[in-house]
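For reference, the structure discussed in these notes is given below.
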Protein chains: 2
Amino acid sequence: MRPEFDCTLYVCTDRKLMSSASVEESVEAAIRGGATMIQLRDKDVTGREFYETAVRLKQVTARYHIPLIINDRVDIAMAVDAEGVHLGQKDMPASAARKLLGEDKIIGVSAAKVEEVKLALEEGADYLGVGAMYGTSTKTDTRSVSIETLAQIRQEAEIPIVVIGGIGKDNAMNFRKLGINGIAVVSSVIAQPDIEAAAAELKQIFLGREAV
Amino acid sequence: MRPEFDCTLYVCTDRKLMSSASVEESVEAAIRGGATMIQLRDKDVTGREFYETAVRLKQVTARYHIPLIINDRVDIAMAVDAEGVHLGQKDMPASAARKLLGEDKIIGVSAAKVEEVKLALEEGADYLGVGAMYGTSTKTDTRSVSIETLAQIRQEAEIPIVVIGGIGKDNAMNFRKLGINGIAVVSSVIAQPDIEAAAAELKQIFLGREAV
């Protein structure tokens, strides 16, 4: 059985943006602040460094029982027994990843258009990362998604949706009322001086609760 | 059982250097010229393009019963049922790849030093790619290997060794007498106007036979 997962506050790593000395430290702080899911993304390091970071990170996420999702590299996800992978439109197709991972792992797919969503559903995606919603400093090749397209995608897909791309304190309150399950964030958590506090605050804002 | 393999003429692809219109055409010509093993190497394309090329290439190599080795990406090797992977020193460790691939797939490891060879043997490598032997246009970060180091490596390792890095018509005759099992080549086959003829000639030179 595929594990249940909660994508309310889905935190992606970024070695270049993080305010901590290590990816593990950043992630541990984010989890203490309320991150419900972690994605290791490391496009600019060697396969070996990515693998070794994944090994160390898995020890952190396992201690907190938080799912670890590996960006792009299905083999590294398998090697460290991560809970799943996240695939962009330029990565291996989800159907190929599913054959390798079997039914017990989570597969997320990035989508910006309704057609991409339909294909991701056919190929067996477990959740969708939809965006970029706003301009972002972490990705330069992003295609922006309007609120209308997001609403269409929400209608199309019964699986969980996280929005991504420029999500922060100023806009995190916009999505729950649209039926969006969570926010995927990079710099608005990982790059903040106090990662734990930033995670906690952002989660409250998304959930529409008063800060404690 | 791991398949038997013959690494006499081990041809690596290079999309930027190839003289044919497609990777498949280049490889088919190389096989017709006598290539005994093919490595798909595609560092500069997206994961999806790498995967799709591997799918198409596997159809070619399977038709000729030639092993297809995938550079770096163990997941793509598994997805296309390639015969094995080749791992550089900066890729996932061979021991991690072995756990994913099982005992029936070929794992090759790049090594330039005796210590790297010892580690590769411990981690279960099936063959070694040793080099760079000479200067090369296809790799810029190479460390060169002397004939003395190559002889030491040959003594250390009982598994097949292919030499790589600047191997061509002028030097391919130097290695068989050292007990080297094969030559791994990129541009001296793939970049030639007549790939089939270049492969055939190079194989003859390595084997020390008169050209037919």
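Order determines the names: the first chain of the structure tokens is A, the second B, and so forth; residues in each chain are numbered 1 upward, and ligands are numbered 1 upward as they are shown.
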
Nearby residues (only C-alpha atoms) at most 12 Å from A:Glu25, same-chain spacing under 6 positions excluded, as a short mmCIF file (atom, residue, chain, number, x, y, z; two decimals) with all heavy atoms, in the first residue's frame:
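Written file, out.cif:
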data_model
loop_
_atom_site.label_atom_id
_atom_site.label_comp_id
_atom_site.auth_asym_id
_atom_site.auth_seq_id
_atom_site.Cartn_x
_atom_site.Cartn_y
_atom_site.Cartn_z
N THR A 13 14.30 21.50 -0.90
CA THR A 13 15.63 21.98 -0.54
C THR A 13 16.24 22.77 -1.69
O THR A 13 15.84 22.62 -2.85
CB THR A 13 16.57 20.82 -0.20
OG1 THR A 13 16.81 20.05 -1.38
CG2 THR A 13 15.98 19.93 0.88
N ARG A 15 20.35 23.91 -2.11
CA ARG A 15 21.68 24.07 -1.51
C ARG A 15 22.20 25.51 -1.62
O ARG A 15 22.89 25.99 -0.73
CB ARG A 15 22.62 23.12 -2.27
CG ARG A 15 23.89 22.76 -1.61
CD ARG A 15 24.66 21.82 -2.53
NE ARG A 15 24.11 20.47 -2.51
CZ ARG A 15 24.52 19.52 -1.66
NH1 ARG A 15 25.45 19.78 -0.79
NH2 ARG A 15 23.96 18.32 -1.70
N MET A 18 19.86 27.94 0.86
CA MET A 18 19.57 27.64 2.27
C MET A 18 20.38 28.52 3.22
O MET A 18 21.53 28.85 2.96
CB MET A 18 19.81 26.16 2.55
CG MET A 18 21.25 25.73 2.46
SD MET A 18 21.38 23.92 2.50
CE MET A 18 23.19 23.74 2.38
N SER A 19 19.76 28.84 4.33
CA SER A 19 20.42 29.69 5.32
C SER A 19 21.22 28.87 6.33
O SER A 19 21.97 29.42 7.13
CB SER A 19 19.37 30.53 6.06
OG SER A 19 18.43 29.68 6.70
N ILE A 31 11.12 20.80 9.43
CA ILE A 31 10.23 19.78 10.01
C ILE A 31 9.78 20.21 11.40
O ILE A 31 8.61 20.09 11.75
CB ILE A 31 10.92 18.39 10.04
CG1 ILE A 31 11.12 17.86 8.61
CG2 ILE A 31 10.10 17.40 10.86
CD1 ILE A 31 11.93 16.56 8.52
N ARG A 32 10.71 20.73 12.18
CA ARG A 32 10.32 21.21 13.52
C ARG A 32 9.29 22.33 13.43
O ARG A 32 8.42 22.45 14.29
CB ARG A 32 11.56 21.63 14.32
CG ARG A 32 12.22 20.43 15.02
CD ARG A 32 13.19 20.86 16.11
NE ARG A 32 14.57 20.72 15.64
CZ ARG A 32 15.36 21.72 15.26
NH1 ARG A 32 14.95 22.97 15.34
NH2 ARG A 32 16.58 21.46 14.83
N THR A 53 23.89 12.94 -0.04
CA THR A 53 22.98 13.85 0.67
C THR A 53 21.66 13.14 0.96
O THR A 53 21.10 13.27 2.06
CB THR A 53 22.72 15.12 -0.18
OG1 THR A 53 23.96 15.71 -0.53
CG2 THR A 53 21.89 16.13 0.60
N ARG A 56 21.95 10.84 3.96
CA ARG A 56 21.94 11.57 5.23
C ARG A 56 20.55 12.16 5.53
O ARG A 56 20.08 12.12 6.67
CB ARG A 56 22.97 12.71 5.20
CG ARG A 56 24.43 12.23 5.16
CD ARG A 56 25.40 13.37 5.46
NE ARG A 56 25.22 14.50 4.55
CZ ARG A 56 25.89 14.65 3.40
NH1 ARG A 56 26.81 13.76 3.03
NH2 ARG A 56 25.68 15.69 2.64
N LEU A 57 19.90 12.66 4.49
CA LEU A 57 18.60 13.31 4.69
C LEU A 57 17.55 12.29 5.10
O LEU A 57 16.67 12.59 5.92
CB LEU A 57 18.20 14.01 3.39
CG LEU A 57 17.17 15.11 3.53
CD1 LEU A 57 17.60 16.13 4.58
CD2 LEU A 57 17.00 15.81 2.18
N GLN A 59 17.90 9.82 6.96
CA GLN A 59 18.01 9.56 8.41
C GLN A 59 17.23 10.61 9.19
O GLN A 59 16.59 10.29 10.20
CB GLN A 59 19.48 9.57 8.83
CG GLN A 59 20.26 8.41 8.22
CD GLN A 59 21.75 8.49 8.49
OE1 GLN A 59 22.26 9.50 8.98
NE2 GLN A 59 22.46 7.42 8.18
N VAL A 60 17.26 11.85 8.72
CA VAL A 60 16.52 12.93 9.40
C VAL A 60 15.01 12.74 9.22
O VAL A 60 14.26 12.73 10.20
CB VAL A 60 16.94 14.32 8.84
CG1 VAL A 60 16.10 15.43 9.46
CG2 VAL A 60 18.42 14.56 9.06
N THR A 61 14.58 12.56 7.99
CA THR A 61 13.13 12.48 7.74
C THR A 61 12.53 11.22 8.38
O THR A 61 11.40 11.26 8.88
CB THR A 61 12.81 12.48 6.23
OG1 THR A 61 13.51 11.41 5.60
CG2 THR A 61 13.21 13.80 5.59
N ILE A 190 13.40 27.74 3.32
CA ILE A 190 14.81 27.32 3.37
C ILE A 190 15.80 28.50 3.42
O ILE A 190 16.89 28.38 3.99
CB ILE A 190 15.06 26.41 2.12
CG1 ILE A 190 14.52 25.00 2.37
CG2 ILE A 190 16.48 26.42 1.64
CD1 ILE A 190 15.04 24.29 3.56
N ASP A 194 15.37 32.26 10.20
CA ASP A 194 14.83 31.28 11.15
C ASP A 194 13.88 30.35 10.39
O ASP A 194 12.70 30.63 10.20
CB ASP A 194 14.10 32.01 12.28
CG ASP A 194 13.65 31.04 13.39
OD1 ASP A 194 13.52 29.82 13.11
OD2 ASP A 194 13.45 31.51 14.51
N ILE A 195 14.45 29.24 9.93
CA ILE A 195 13.71 28.31 9.07
C ILE A 195 12.50 27.73 9.80
O ILE A 195 11.39 27.64 9.24
CB ILE A 195 14.66 27.18 8.58
CG1 ILE A 195 15.70 27.76 7.60
CG2 ILE A 195 13.88 26.02 7.95
CD1 ILE A 195 16.75 26.77 7.13
N GLU A 196 12.69 27.37 11.06
CA GLU A 196 11.60 26.76 11.83
C GLU A 196 10.42 27.72 11.96
O GLU A 196 9.26 27.36 11.69
CB GLU A 196 12.12 26.34 13.22
CG GLU A 196 11.07 25.69 14.07
CD GLU A 196 11.63 25.16 15.41
OE1 GLU A 196 12.86 24.96 15.52
OE2 GLU A 196 10.81 24.94 16.32
#

Show me which bits of chain B are within 6 Å of chain A, counting only C-alpha atoms, as number ranges by chain.
B: 46-48, 74-75, 90-92

What's around B:Thr8 at 10 Å? Count only C-alpha atoms, leave out sequence neighbours fewer than 3 positions away in its own chain, and write the answer as a list in words.
Phe5, Val11, Gly34, Ala35, Thr36, Met37, Pro160, Ile161, Val162, Arg176, Ile180, Asn181, Gly182, Ile183, Ala184, Lys203, Phe206 and Leu207 of chain B

Generate the output file for the selected residues, N, CA and C atoms, as a short mmCIF file (atom, residue, chain, number, x, y, z; two decimals), in the first residue's frame.
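Contents of selection_25.cif, freshly written:
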data_model
loop_
_atom_site.label_atom_id
_atom_site.label_comp_id
_atom_site.auth_asym_id
_atom_site.auth_seq_id
_atom_site.Cartn_x
_atom_site.Cartn_y
_atom_site.Cartn_z
N PHE B 5 30.30 -10.81 -21.62
CA PHE B 5 30.41 -9.66 -22.52
C PHE B 5 31.81 -9.58 -23.08
N VAL B 11 32.14 1.11 -27.78
CA VAL B 11 31.89 2.42 -28.40
C VAL B 11 30.91 3.23 -27.56
N GLY B 34 31.82 -3.62 -36.15
CA GLY B 34 32.44 -4.56 -35.22
C GLY B 34 32.42 -4.14 -33.76
N ALA B 35 31.70 -3.08 -33.40
CA ALA B 35 31.60 -2.71 -31.98
C ALA B 35 30.98 -3.88 -31.22
N THR B 36 31.57 -4.19 -30.07
CA THR B 36 31.12 -5.35 -29.30
C THR B 36 30.29 -4.95 -28.08
N MET B 37 30.27 -3.65 -27.79
CA MET B 37 29.57 -3.15 -26.62
C MET B 37 29.31 -1.67 -26.85
N PRO B 160 37.79 -7.68 -16.60
CA PRO B 160 38.17 -7.01 -17.85
C PRO B 160 38.46 -5.52 -17.67
N ILE B 161 39.43 -5.06 -18.44
CA ILE B 161 39.79 -3.63 -18.45
C ILE B 161 39.70 -3.10 -19.87
N VAL B 162 39.00 -1.98 -20.01
CA VAL B 162 39.07 -1.23 -21.26
C VAL B 162 39.79 0.08 -20.98
N ARG B 176 46.99 -4.33 -26.22
CA ARG B 176 46.70 -5.76 -26.10
C ARG B 176 47.86 -6.50 -25.45
N ILE B 180 45.30 -5.75 -21.79
CA ILE B 180 44.06 -4.97 -21.77
C ILE B 180 43.03 -5.62 -22.70
N ASN B 181 41.79 -5.70 -22.21
CA ASN B 181 40.77 -6.47 -22.94
C ASN B 181 40.11 -5.73 -24.09
N GLY B 182 40.12 -4.41 -24.01
CA GLY B 182 39.44 -3.68 -25.08
C GLY B 182 39.74 -2.20 -25.03
N ILE B 183 39.27 -1.54 -26.08
CA ILE B 183 39.42 -0.08 -26.16
C ILE B 183 38.03 0.56 -26.15
N ALA B 184 37.91 1.59 -25.34
CA ALA B 184 36.66 2.36 -25.32
C ALA B 184 36.91 3.64 -26.09
N LYS B 203 39.34 -1.76 -34.64
CA LYS B 203 39.31 -3.09 -34.01
C LYS B 203 40.48 -3.94 -34.51
N PHE B 206 43.67 -2.67 -32.85
CA PHE B 206 43.75 -3.12 -31.45
C PHE B 206 44.16 -4.59 -31.38
N LEU B 207 43.54 -5.40 -32.25
CA LEU B 207 43.79 -6.84 -32.22
C LEU B 207 45.13 -7.21 -32.86
#

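Across the structure, atom CA of A:Pro193 and atom CA of A:Ser20 are spaced 8.2 Å apart.
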
If we count only C-alpha atoms, what is near stretch 107-117 of chain B at a cut-off of 9 Å, once residues fewer than 3 positions away on the same chain are taken out, given as a PyMOL selection string?
chain B and resi 69+83-89+94+97-98+101+120-122+124-132+143-145+149-150+152-153+156-157

For the residues in the current selection, export C-alpha atoms as a PDB file, in the first residue's frame.
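What ended up in part-v4.pdb:
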ATOM      1  CA  ILE B  69      25.454   0.076 -21.089  1.00  0.00           C
ATOM      2  CA  GLU B  83      22.485  -4.857 -19.951  1.00  0.00           C
ATOM      3  CA  GLY B  84      24.278  -2.599 -17.492  1.00  0.00           C
ATOM      4  CA  VAL B  85      25.532   0.760 -16.280  1.00  0.00           C
ATOM      5  CA  HIS B  86      28.808   2.588 -16.324  1.00  0.00           C
ATOM      6  CA  LEU B  87      29.622   4.669 -13.263  1.00  0.00           C
ATOM      7  CA  GLY B  88      32.201   7.418 -12.979  1.00  0.00           C
ATOM      8  CA  GLN B  89      33.886   8.371  -9.737  1.00  0.00           C
ATOM      9  CA  ALA B  94      28.780   0.713  -7.563  1.00  0.00           C
ATOM     10  CA  ALA B  97      23.886   0.335  -8.060  1.00  0.00           C
ATOM     11  CA  ARG B  98      24.420  -3.391  -7.507  1.00  0.00           C
ATOM     12  CA  LEU B 101      20.379  -3.933 -10.481  1.00  0.00           C
ATOM     13  CA  ALA B 120      35.607  -0.677  -7.509  1.00  0.00           C
ATOM     14  CA  LEU B 121      36.547  -4.343  -7.040  1.00  0.00           C
ATOM     15  CA  GLU B 122      35.248  -4.330  -3.465  1.00  0.00           C
ATOM     16  CA  GLY B 124      31.476  -5.443  -7.221  1.00  0.00           C
ATOM     17  CA  ALA B 125      32.461  -3.882 -10.552  1.00  0.00           C
ATOM     18  CA  ASP B 126      32.373  -6.245 -13.551  1.00  0.00           C
ATOM     19  CA  TYR B 127      34.823  -4.297 -15.673  1.00  0.00           C
ATOM     20  CA  LEU B 128      36.983  -1.190 -15.397  1.00  0.00           C
ATOM     21  CA  GLY B 129      37.277   1.780 -17.728  1.00  0.00           C
ATOM     22  CA  VAL B 130      40.794   3.067 -17.169  1.00  0.00           C
ATOM     23  CA  GLY B 131      41.948   6.446 -18.415  1.00  0.00           C
ATOM     24  CA  ALA B 132      42.268   8.989 -19.722  1.00  0.00           C
ATOM     25  CA  ARG B 143      43.247  12.840 -15.114  1.00  0.00           C
ATOM     26  CA  SER B 144      45.800  11.081 -17.231  1.00  0.00           C
ATOM     27  CA  VAL B 145      46.998   7.560 -16.535  1.00  0.00           C
ATOM     28  CA  THR B 149      49.827   2.840 -13.554  1.00  0.00           C
ATOM     29  CA  LEU B 150      47.906   0.891 -16.185  1.00  0.00           C
ATOM     30  CA  GLN B 152      49.780  -1.861 -11.918  1.00  0.00           C
ATOM     31  CA  ILE B 153      45.994  -1.752 -12.360  1.00  0.00           C
ATOM     32  CA  GLU B 156      45.512  -5.635  -9.316  1.00  0.00           C
ATOM     33  CA  ALA B 157      42.327  -6.515 -11.198  1.00  0.00           C
TER      34      ALA B 157
END

d(atom CA of B:Ala200, atom CA of B:Ile106) in Å:
24.6 Å

DSSP strand (DSSP E or B) residues within stretch 49-184 of chain B, as a JSON list (two decimals) with all heavy atoms, in the first residue's frame:
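Written output follows (part.json):
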[["chain", "number", "residue", "atom", "x", "y", "z"],
["B", 68, "LEU", "N", 24.01, -3.14, -24.18],
["B", 68, "LEU", "CA", 23.86, -1.69, -24.04],
["B", 68, "LEU", "C", 24.13, -1.32, -22.59],
["B", 68, "LEU", "O", 23.51, -1.86, -21.67],
["B", 68, "LEU", "CB", 22.44, -1.26, -24.43],
["B", 68, "LEU", "CG", 22.12, 0.23, -24.20],
["B", 68, "LEU", "CD1", 22.99, 1.13, -25.07],
["B", 68, "LEU", "CD2", 20.64, 0.50, -24.45],
["B", 69, "ILE", "N", 25.08, -0.41, -22.42],
["B", 69, "ILE", "CA", 25.45, 0.08, -21.09],
["B", 69, "ILE", "C", 25.03, 1.54, -21.00],
["B", 69, "ILE", "O", 25.28, 2.32, -21.91],
["B", 69, "ILE", "CB", 26.99, -0.04, -20.90],
["B", 69, "ILE", "CG1", 27.48, -1.48, -21.15],
["B", 69, "ILE", "CG2", 27.42, 0.47, -19.53],
["B", 69, "ILE", "CD1", 26.98, -2.51, -20.20],
["B", 70, "ILE", "N", 24.37, 1.90, -19.91],
["B", 70, "ILE", "CA", 23.90, 3.28, -19.72],
["B", 70, "ILE", "C", 24.85, 4.00, -18.77],
["B", 70, "ILE", "O", 25.16, 3.49, -17.69],
["B", 70, "ILE", "CB", 22.48, 3.30, -19.14],
["B", 70, "ILE", "CG1", 21.49, 2.52, -20.04],
["B", 70, "ILE", "CG2", 22.00, 4.74, -18.90],
["B", 70, "ILE", "CD1", 21.20, 3.16, -21.37],
["B", 71, "ASN", "N", 25.30, 5.17, -19.18],
["B", 71, "ASN", "CA", 26.18, 5.96, -18.33],
["B", 71, "ASN", "C", 25.40, 6.59, -17.18],
["B", 71, "ASN", "O", 24.38, 7.26, -17.42],
["B", 71, "ASN", "CB", 26.86, 7.05, -19.18],
["B", 71, "ASN", "CG", 27.92, 7.80, -18.39],
["B", 71, "ASN", "OD1", 27.61, 8.69, -17.62],
["B", 71, "ASN", "ND2", 29.16, 7.41, -18.57],
["B", 84, "GLY", "N", 23.49, -3.05, -18.63],
["B", 84, "GLY", "CA", 24.28, -2.60, -17.49],
["B", 84, "GLY", "C", 24.42, -1.10, -17.42],
["B", 84, "GLY", "O", 23.77, -0.36, -18.18],
["B", 85, "VAL", "N", 25.25, -0.67, -16.46],
["B", 85, "VAL", "CA", 25.53, 0.76, -16.28],
["B", 85, "VAL", "C", 27.04, 0.97, -16.21],
["B", 85, "VAL", "O", 27.79, 0.06, -15.86],
["B", 85, "VAL", "CB", 24.93, 1.33, -14.97],
["B", 85, "VAL", "CG1", 23.41, 1.29, -15.01],
["B", 85, "VAL", "CG2", 25.47, 0.65, -13.73],
["B", 86, "HIS", "N", 27.43, 2.19, -16.55],
["B", 86, "HIS", "CA", 28.81, 2.59, -16.32],
["B", 86, "HIS", "C", 28.82, 3.77, -15.36],
["B", 86, "HIS", "O", 28.12, 4.76, -15.59],
["B", 86, "HIS", "CB", 29.52, 2.97, -17.63],
["B", 86, "HIS", "CG", 30.97, 3.21, -17.38],
["B", 86, "HIS", "ND1", 31.89, 2.19, -17.40],
["B", 86, "HIS", "CD2", 31.64, 4.31, -16.99],
["B", 86, "HIS", "CE1", 33.08, 2.68, -17.07],
["B", 86, "HIS", "NE2", 32.95, 3.97, -16.81],
["B", 87, "LEU", "N", 29.60, 3.66, -14.32],
["B", 87, "LEU", "CA", 29.62, 4.67, -13.26],
["B", 87, "LEU", "C", 30.99, 5.33, -13.18],
["B", 87, "LEU", "O", 32.01, 4.65, -13.07],
["B", 87, "LEU", "CB", 29.29, 4.01, -11.92],
["B", 87, "LEU", "CG", 27.93, 3.31, -11.86],
["B", 87, "LEU", "CD1", 27.81, 2.48, -10.59],
["B", 87, "LEU", "CD2", 26.79, 4.31, -11.95],
["B", 106, "ILE", "N", 25.49, -5.82, -15.78],
["B", 106, "ILE", "CA", 26.91, -5.49, -15.84],
["B", 106, "ILE", "C", 27.12, -4.10, -15.22],
["B", 106, "ILE", "O", 26.40, -3.16, -15.55],
["B", 106, "ILE", "CB", 27.39, -5.46, -17.31],
["B", 106, "ILE", "CG1", 27.17, -6.82, -17.99],
["B", 106, "ILE", "CG2", 28.85, -5.02, -17.39],
["B", 106, "ILE", "CD1", 27.23, -6.76, -19.52],
["B", 107, "ILE", "N", 28.09, -3.99, -14.33],
["B", 107, "ILE", "CA", 28.46, -2.68, -13.79],
["B", 107, "ILE", "C", 29.92, -2.39, -14.12],
["B", 107, "ILE", "O", 30.81, -3.15, -13.74],
["B", 107, "ILE", "CB", 28.23, -2.60, -12.27],
["B", 107, "ILE", "CG1", 26.74, -2.80, -11.94],
["B", 107, "ILE", "CG2", 28.73, -1.25, -11.71],
["B", 107, "ILE", "CD1", 26.41, -2.76, -10.45],
["B", 108, "GLY", "N", 30.13, -1.30, -14.84],
["B", 108, "GLY", "CA", 31.48, -0.85, -15.12],
["B", 108, "GLY", "C", 31.79, 0.39, -14.31],
["B", 108, "GLY", "O", 30.89, 1.17, -14.01],
["B", 109, "VAL", "N", 33.05, 0.55, -13.95],
["B", 109, "VAL", "CA", 33.46, 1.70, -13.14],
["B", 109, "VAL", "C", 34.70, 2.34, -13.77],
["B", 109, "VAL", "O", 35.62, 1.64, -14.19],
["B", 109, "VAL", "CB", 33.75, 1.27, -11.68],
["B", 109, "VAL", "CG1", 34.34, 2.41, -10.87],
["B", 109, "VAL", "CG2", 32.48, 0.75, -11.01],
["B", 110, "SER", "N", 34.68, 3.67, -13.82],
["B", 110, "SER", "CA", 35.86, 4.41, -14.28],
["B", 110, "SER", "C", 36.88, 4.48, -13.16],
["B", 110, "SER", "O", 36.53, 4.76, -12.01],
["B", 110, "SER", "CB", 35.50, 5.86, -14.63],
["B", 110, "SER", "OG", 34.57, 5.90, -15.66],
["B", 111, "ALA", "N", 38.15, 4.28, -13.50],
["B", 111, "ALA", "CA", 39.19, 4.37, -12.49],
["B", 111, "ALA", "C", 40.45, 4.90, -13.13],
["B", 111, "ALA", "O", 40.78, 4.57, -14.28],
["B", 111, "ALA", "CB", 39.44, 3.01, -11.86],
["B", 127, "TYR", "N", 33.69, -4.68, -14.82],
["B", 127, "TYR", "CA", 34.82, -4.30, -15.67],
["B", 127, "TYR", "C", 35.27, -2.91, -15.25],
["B", 127, "TYR", "O", 34.53, -2.18, -14.54],
["B", 127, "TYR", "CB", 34.46, -4.34, -17.17],
["B", 127, "TYR", "CG", 33.58, -3.20, -17.63],
["B", 127, "TYR", "CD1", 34.13, -1.98, -18.02],
["B", 127, "TYR", "CD2", 32.21, -3.34, -17.66],
["B", 127, "TYR", "CE1", 33.33, -0.93, -18.42],
["B", 127, "TYR", "CE2", 31.39, -2.29, -18.05],
["B", 127, "TYR", "CZ", 31.95, -1.09, -18.42],
["B", 127, "TYR", "OH", 31.16, -0.04, -18.80],
["B", 128, "LEU", "N", 36.45, -2.52, -15.69],
["B", 128, "LEU", "CA", 36.98, -1.19, -15.40],
["B", 128, "LEU", "C", 37.22, -0.41, -16.68],
["B", 128, "LEU", "O", 37.69, -0.98, -17.67],
["B", 128, "LEU", "CB", 38.32, -1.31, -14.66],
["B", 128, "LEU", "CG", 38.31, -2.02, -13.32],
["B", 128, "LEU", "CD1", 39.75, -2.27, -12.86],
["B", 128, "LEU", "CD2", 37.54, -1.20, -12.28],
["B", 129, "GLY", "N", 36.89, 0.86, -16.66],
["B", 129, "GLY", "CA", 37.28, 1.78, -17.73],
["B", 129, "GLY", "C", 38.43, 2.61, -17.20],
["B", 129, "GLY", "O", 38.23, 3.42, -16.29],
["B", 130, "VAL", "N", 39.62, 2.40, -17.73],
["B", 130, "VAL", "CA", 40.79, 3.07, -17.17],
["B", 130, "VAL", "C", 41.30, 4.15, -18.13],
["B", 130, "VAL", "O", 41.50, 3.89, -19.33],
["B", 130, "VAL", "CB", 41.91, 2.05, -16.86],
["B", 130, "VAL", "CG1", 43.17, 2.76, -16.36],
["B", 130, "VAL", "CG2", 41.42, 1.03, -15.83],
["B", 131, "GLY", "N", 41.47, 5.34, -17.60],
["B", 131, "GLY", "CA", 41.95, 6.45, -18.41],
["B", 131, "GLY", "C", 41.76, 7.74, -17.67],
["B", 131, "GLY", "O", 41.45, 7.73, -16.49],
["B", 161, "ILE", "N", 39.43, -5.06, -18.44],
["B", 161, "ILE", "CA", 39.79, -3.63, -18.45],
["B", 161, "ILE", "C", 39.70, -3.10, -19.87],
["B", 161, "ILE", "O", 40.24, -3.72, -20.80],
["B", 161, "ILE", "CB", 41.24, -3.42, -17.93],
["B", 161, "ILE", "CG1", 41.33, -3.78, -16.44],
["B", 161, "ILE", "CG2", 41.71, -1.98, -18.17],
["B", 161, "ILE", "CD1", 42.74, -3.71, -15.88],
["B", 162, "VAL", "N", 39.00, -1.98, -20.01],
["B", 162, "VAL", "CA", 39.07, -1.23, -21.26],
["B", 162, "VAL", "C", 39.79, 0.08, -20.98],
["B", 162, "VAL", "O", 39.60, 0.68, -19.93],
["B", 162, "VAL", "CB", 37.68, -0.93, -21.88],
["B", 162, "VAL", "CG1", 37.00, -2.21, -22.33],
["B", 162, "VAL", "CG2", 36.77, -0.16, -20.94],
["B", 163, "VAL", "N", 40.63, 0.48, -21.92],
["B", 163, "VAL", "CA", 41.28, 1.78, -21.79],
["B", 163, "VAL", "C", 40.44, 2.81, -22.53],
["B", 163, "VAL", "O", 39.75, 2.50, -23.50],
["B", 163, "VAL", "CB", 42.72, 1.78, -22.36],
["B", 163, "VAL", "CG1", 43.66, 1.11, -21.38],
["B", 163, "VAL", "CG2", 42.78, 1.13, -23.73],
["B", 164, "ILE", "N", 40.46, 4.03, -22.03],
["B", 164, "ILE", "CA", 39.66, 5.09, -22.62],
["B", 164, "ILE", "C", 40.43, 6.41, -22.58],
["B", 164, "ILE", "O", 41.33, 6.58, -21.77],
["B", 164, "ILE", "CB", 38.28, 5.21, -21.90],
["B", 164, "ILE", "CG1", 37.37, 6.18, -22.66],
["B", 164, "ILE", "CG2", 38.45, 5.62, -20.42],
["B", 164, "ILE", "CD1", 35.90, 6.05, -22.31],
["B", 182, "GLY", "N", 40.12, -4.41, -24.01],
["B", 182, "GLY", "CA", 39.44, -3.68, -25.08],
["B", 182, "GLY", "C", 39.74, -2.20, -25.03],
["B", 182, "GLY", "O", 40.34, -1.69, -24.09],
["B", 183, "ILE", "N", 39.27, -1.54, -26.08],
["B", 183, "ILE", "CA", 39.42, -0.08, -26.16],
["B", 183, "ILE", "C", 38.03, 0.56, -26.15],
["B", 183, "ILE", "O", 37.13, 0.09, -26.84],
["B", 183, "ILE", "CB", 40.22, 0.36, -27.40],
["B", 183, "ILE", "CG1", 39.67, -0.30, -28.68],
["B", 183, "ILE", "CG2", 41.70, 0.03, -27.23],
["B", 183, "ILE", "CD1", 40.32, 0.20, -29.98],
["B", 184, "ALA", "N", 37.91, 1.59, -25.34],
["B", 184, "ALA", "CA", 36.66, 2.36, -25.32],
["B", 184, "ALA", "C", 36.91, 3.64, -26.09],
["B", 184, "ALA", "O", 37.88, 4.35, -25.81],
["B", 184, "ALA", "CB", 36.25, 2.66, -23.88]]

Can you pull out every residue from stretch 59-154 of chain A that DSSP, working from the backbone, puts in alpha helix (DSSP H), and format the result as number ranges by chain?
A: 59-64, 74-79, 94-101, 114-122, 147-154

Could you pull the residues within 12 Å of B:Asp170, counting only C-alpha atoms, minus those fewer than 3 positions along the same chain, as a VMD selection string?
chain B and resid 134 166 to 167 173 to 175 188 201 to 202 205 to 206

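For the pair atom CA of B:Ala199 and atom CA of B:Lys169, the interatomic distance is 10.1 Å.
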